[in-house]
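What follows is one structure encoded as structure tokens, with my remarks underneath.
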Amino acid sequence: MAILQNGPNGPIIGKFGSVSAYMLKDQNVVRGPKRKRSSPPSAAELLNRKKQQVAGKFAGHNKRLLEFGYQFLAEKGSRVGAFQLAQRHIFKEAIEIDADNNPFVNPERLLLFSGSLTPLSNCQVSINNDVIDLIWEADDQYSDSVYKINLVLLDPFNESHLRTSIASVSEGSCSVQFDRLKRKTTDFHVYVGIWDTLDGGFSNSIYCGVI
């Protein structure tokens, strides 16, 4: 039974016939019954479902990392949080299709940090035993020591590692000890990004390569 609240001009809540009404964030929503689909899904729809599954699996496995990397883009009070923004990016911008028509996340198109700061123009990575060496082109706008470099070593569906504030952007290079390099059984994709540690905010991450 549906209930008309606050007189004839108020919202309707409940069910009348095949129609249901409810309140959603101060809006009165009225919906009819779902219609069962009689036609099979198209090839494009099936591919889109696969893309959603791949994006969802990747995002779910790296949820904490993505929540950190998109935290400054999420608006307070919005139903779309940092994780949802990251999922949207992965689905729309980081998914590609292989030769067998299967979708996959392309690490080179992936943004693990996202924000309004100007990203690094380049960054070179190399390893020496268990030390990661990074060299980038310093930008004059980041001469203040509050601007730091964040580092991610990503193994998409296994272990990933985040190192924050490993150096000031103005330094132009740094070396990071990472003991697991000696016993790693898989490659890591390397990403770096800039963090304003005073006012908050990230740059988009850039892809440095594989180690």
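Going through the structure tokens in order, the chains are called A, B, and so on, while each chain numbers its residues from 1 and the ligands are numbered from 1 in the order shown.
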
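For region 13-80 of chain A, backbone-based DSSP labels the following residues as strand (DSSP E or B): Ile13, Gly14, Lys15, Phe16, Val19, Ser20, Ala21, Tyr22, Met23, Leu24, Gln27, Asn28, Val29, Val30 and Arg31 of chain A.
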
Give me, as a tab-separated table, each residue of region 81-165 of chain A that comes within 7 Å of region 183-195 of chain A, together with its shortest interatomic pair and the distance in Å at one decimal, counting only C-alpha atoms, with rows ordered by chain and rising residue number.
```
residue	atom	partner	partner_atom	distance
A:Phe113	CA	A:Gly193	CA	6.6
A:Pro119	CA	A:Gly193	CA	6.7
A:Tyr147	CA	A:Trp195	CA	5.6
A:Lys148	CA	A:Trp195	CA	5.2
A:Ile149	CA	A:Ile194	CA	4.9
A:Asn150	CA	A:Gly193	CA	5.3
A:Leu151	CA	A:Val192	CA	4.6
A:Val152	CA	A:Tyr191	CA	5.1
A:Leu153	CA	A:Val190	CA	4.9
A:Leu154	CA	A:His189	CA	4.9
A:Asp155	CA	A:Phe188	CA	5.2
```

For the selection just defined, write its residues with C-alpha atoms to a file, as a PDB file, in the first residue's frame.
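Here's the written file result-v6.pdb:
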```
ATOM      1  CA  PHE A 113      47.395   8.902  -8.419  1.00  0.00           C
ATOM      2  CA  PRO A 119      52.908  15.824 -13.319  1.00  0.00           C
ATOM      3  CA  TYR A 147      56.390  18.811  -2.796  1.00  0.00           C
ATOM      4  CA  LYS A 148      57.330  15.155  -2.456  1.00  0.00           C
ATOM      5  CA  ILE A 149      57.606  12.112  -4.692  1.00  0.00           C
ATOM      6  CA  ASN A 150      55.336   9.101  -4.141  1.00  0.00           C
ATOM      7  CA  LEU A 151      56.311   5.721  -5.571  1.00  0.00           C
ATOM      8  CA  VAL A 152      54.242   2.650  -6.426  1.00  0.00           C
ATOM      9  CA  LEU A 153      55.509  -0.782  -7.410  1.00  0.00           C
ATOM     10  CA  LEU A 154      52.533  -2.555  -8.958  1.00  0.00           C
ATOM     11  CA  ASP A 155      52.001  -6.222  -9.597  1.00  0.00           C
TER      12      ASP A 155
END
```

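Nearest residue to Lys92 (chain A) among A:Ser18, A:Ser165, A:Gln52, A:Ser114 is A:Gln52, counting only C-alpha atoms.
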
Selection: 12 Å around region 84-87 of chain A, only C-alpha atoms, excl. self and same-chain fewer than 6 positions, as a ChimeraX atom specification: /A:51-75,78,93-95,105,110-115,204

Polymer residues at most 9 Å from Val29 (chain A), only C-alpha atoms, same-chain spacing of 3 or more positions, as a list in words: Pro11, Ile12, Ile13, Ser20, Ala21, Tyr22, Met23 and Leu24 of chain A

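Proximity ranking of A:Glu96, A:Lys50, A:Asn122, A:Glu45 relative to Ser173 (chain A) places A:Asn122 first, based on only C-alpha atoms.
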
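Among the candidates A:Asn102, A:Gln177, A:Asn28, A:Ser203, the one nearest to Asn129 (chain A) when counting only C-alpha atoms is A:Gln177.
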
Would you kindly return, as a PyMOL selection string, each protein, DNA or RNA residue with an atom no farther than 12 Å from any atom of region 99-101 of chain A, considering only C-alpha atoms and excluding same-chain residues fewer than 6 positions away? chain A and resi 43-44+46-48+50-51

Figure out the distance between CA of Gly10 (chain A) and CA of Val30 (chain A), please, to one decimal in Å. 13.3 Å

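Here CA of Ile206 (chain A) is placed at a distance of 18.4 Å from CA of Asp140 (chain A).
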
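Take CA of Gln124 (chain A) and CA of Gly209 (chain A): the distance between them is 8.0 Å.
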